[in-house]
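Notes for the one structure printed next.
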Amino acid sequence: MAVERTFRGKTPDERRAERRAKLLDAALDLIAGGGWSAATMTAICQRAGLTERYFYESFRDRESLYVELLDGLNADIEQAVLDAAAVAAPDARSRMRIVVERVLGVFAADPRRGYVGFLEGLDSAALQHRRREALLGFERLVREQAPRVFGPGAPTGLTIELGAASLVGATGELLARRLDGTLTATDEQLAEHLVELAEGWLAMVAGKTAAG
C-alpha cells in the first residue's frame, strides 16, 4: 500500500492543489493587467514562482487553464443564483433583487474574474464555445428557477425561454460594458436597472396575457 509523504505538513495532493491555485491566481493577475496575450505560460509560471514542469502537472496548455477559470466563474454564478433563489423574501421584486445582488457580488469579490468572463480570449474558438455553453446554461437556470423567483404565476414555455435569453443577454452585455469603461453605473444603479428590466418584462407578459 502506497504511503503519501508529507512535506512541511502537507501531502503531495495538497501541494499539487496549492501549486494549481497559484497558477490560476497568477493567470488572473496577468489577464486583468495586460489581457489574454500577456498571460503566456512563461509569464504565468514566473508570476506564480513555479517552473513550467508544474504548469504541465495541472494543465495541458494555457487555453485549458483559461477554460478552468471560466468554469470556476460560471459555477460560482450558478451557485449564487441557486442560493439567492432559496432565500425567503416577501415578493418577486425582493427575490429578483437578491438574485441580482448575489450575481454582482461574485464579480465584486474578485473584479479580475470579469475580464475572464467577458473581455479576454475572444479570438479563441474553444473559449467562445465555452462562453456560449455557459450562456445557455444560465438561460436554463433562469427557466428552472422562474417559479421560485418570479412567483407561482411565472411565465412558461416559449415566453420564459425568450425572457431568459433576453435577461441573461442583457446582464452579460451590461457587465461587459461596465468592465470596459463604456458604462459608468455603480453596482447599486446596475442592480436596480436589472431588477426594473425584469419587472418590465414581467409586466409586459402579464399585459399580453390579460389582453389575449
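By convention here, the chains of the C-alpha cells are called A, B, ... in the order presented, each chain's residues are numbered starting at 1, and ligands are numbered starting at 1 in the order presented.
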
*10 Å contact set for Asp76 in chain A, only C-alpha atoms, chain neighbours under 3 positions out, as a list in words*: Leu70, Asp71, Gly72, Leu73, Gln79, Ala80, Val81, Leu82, Arg102, Val103, Val106 and Phe107 of chain A

Would you save the residues of that selection, restricted to N, CA and C atoms, as a PDB file, in the first residue's frame?
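Result written to selection_17.pdb:
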ATOM      1  N   LEU A  70     -12.870  30.033 -16.494  1.00  0.00           N
ATOM      2  CA  LEU A  70     -14.245  30.270 -16.926  1.00  0.00           C
ATOM      3  C   LEU A  70     -15.223  29.351 -16.198  1.00  0.00           C
ATOM      4  N   ASP A  71     -14.866  28.074 -16.121  1.00  0.00           N
ATOM      5  CA  ASP A  71     -15.752  27.115 -15.474  1.00  0.00           C
ATOM      6  C   ASP A  71     -15.939  27.445 -13.995  1.00  0.00           C
ATOM      7  N   GLY A  72     -14.860  27.876 -13.342  1.00  0.00           N
ATOM      8  CA  GLY A  72     -14.963  28.245 -11.941  1.00  0.00           C
ATOM      9  C   GLY A  72     -15.869  29.452 -11.737  1.00  0.00           C
ATOM     10  N   LEU A  73     -15.725  30.444 -12.613  1.00  0.00           N
ATOM     11  CA  LEU A  73     -16.574  31.625 -12.546  1.00  0.00           C
ATOM     12  C   LEU A  73     -18.032  31.256 -12.773  1.00  0.00           C
ATOM     13  N   GLN A  79     -24.146  29.008  -8.496  1.00  0.00           N
ATOM     14  CA  GLN A  79     -24.405  28.785  -7.074  1.00  0.00           C
ATOM     15  C   GLN A  79     -25.006  30.025  -6.434  1.00  0.00           C
ATOM     16  N   ALA A  80     -24.539  31.196  -6.870  1.00  0.00           N
ATOM     17  CA  ALA A  80     -25.089  32.442  -6.337  1.00  0.00           C
ATOM     18  C   ALA A  80     -26.581  32.553  -6.651  1.00  0.00           C
ATOM     19  N   VAL A  81     -26.962  32.176  -7.874  1.00  0.00           N
ATOM     20  CA  VAL A  81     -28.374  32.220  -8.266  1.00  0.00           C
ATOM     21  C   VAL A  81     -29.190  31.223  -7.441  1.00  0.00           C
ATOM     22  N   LEU A  82     -28.674  30.011  -7.287  1.00  0.00           N
ATOM     23  CA  LEU A  82     -29.389  28.993  -6.525  1.00  0.00           C
ATOM     24  C   LEU A  82     -29.549  29.403  -5.063  1.00  0.00           C
ATOM     25  N   ARG A 102     -26.545  38.985  -5.577  1.00  0.00           N
ATOM     26  CA  ARG A 102     -25.635  37.849  -5.377  1.00  0.00           C
ATOM     27  C   ARG A 102     -24.750  37.641  -6.609  1.00  0.00           C
ATOM     28  N   VAL A 103     -25.329  37.787  -7.795  1.00  0.00           N
ATOM     29  CA  VAL A 103     -24.540  37.624  -9.020  1.00  0.00           C
ATOM     30  C   VAL A 103     -23.485  38.722  -9.123  1.00  0.00           C
ATOM     31  N   VAL A 106     -20.416  38.184  -6.988  1.00  0.00           N
ATOM     32  CA  VAL A 106     -19.352  37.290  -7.466  1.00  0.00           C
ATOM     33  C   VAL A 106     -18.235  38.099  -8.114  1.00  0.00           C
ATOM     34  N   PHE A 107     -18.607  39.101  -8.898  1.00  0.00           N
ATOM     35  CA  PHE A 107     -17.614  39.928  -9.579  1.00  0.00           C
ATOM     36  C   PHE A 107     -16.987  40.951  -8.634  1.00  0.00           C
TER      37      PHE A 107
END

*Surrounding residues of range 191-198 of chain A excluding itself and chain neighbours under 5 positions, 8 Å, only C-alpha atoms, as a count of residues only*: 8

*Rank A:Val87, A:Ala154, A:Ala134, A:Leu50 by their smallest atom-to-atom distance to Ala206 in chain A, using only C-alpha atoms, and report the top residue only.*
A:Ala154

_Set the distance at 10 Å and use only C-alpha atoms: which residues neighbour Thr42 in chain A once local chain neighbours fewer than 3 positions away are removed? I'd like the list as a list in words._
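The contact residues come out as Ala38, Ala39, Cys45, Gln46, Arg47, Ala48, Leu50, Thr51, Glu52, Phe55 and Arg62 of chain A.
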
Selection: 12 Å around Asp91 in chain A, only C-alpha atoms, excl. self and same-chain fewer than 5 positions, as an mmCIF file with C-alpha atoms, in the first residue's frame:
data_model
loop_
_atom_site.group_PDB
_atom_site.id
_atom_site.type_symbol
_atom_site.label_atom_id
_atom_site.label_comp_id
_atom_site.auth_asym_id
_atom_site.auth_seq_id
_atom_site.Cartn_x
_atom_site.Cartn_y
_atom_site.Cartn_z
ATOM 1 C CA ALA A 85 -33.493 31.747 -5.143
ATOM 2 C CA MET A 96 -35.127 39.386 -8.023
ATOM 3 C CA ARG A 97 -33.064 41.980 -6.174
ATOM 4 C CA ILE A 98 -31.410 39.272 -4.068
ATOM 5 C CA ARG A 148 -39.210 30.437 -7.153
ATOM 6 C CA VAL A 149 -38.039 33.914 -8.164
ATOM 7 C CA PHE A 150 -40.976 35.343 -10.136
ATOM 8 C CA GLY A 151 -43.677 33.551 -8.176
ATOM 9 C CA PRO A 152 -46.335 30.912 -8.925
ATOM 10 C CA GLU A 199 -40.122 43.787 -13.776
#

*Of the candidates A:Asp29, A:Glu18, A:Asp110, A:Asp83, which one gets nearest to Tyr54 in chain A if we count only C-alpha atoms?*
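Selected residue with least distance to Tyr54 in chain A: A:Glu18.
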
*CA of Gly207 in chain A to CA of Phe138 in chain A, distance in Å rounded to a single decimal*: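 CA of Gly207 in chain A sits 26.0 Å away from CA of Phe138 in chain A.
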
*asked:* Nearest residue to Arg132 in chain A out of A:Asn74, A:Thr184, A:Thr11, A:Ser94, using only C-alpha atoms?
replied: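 Checking each candidate against Arg132 in chain A, we get A:Asn74 as the closest.
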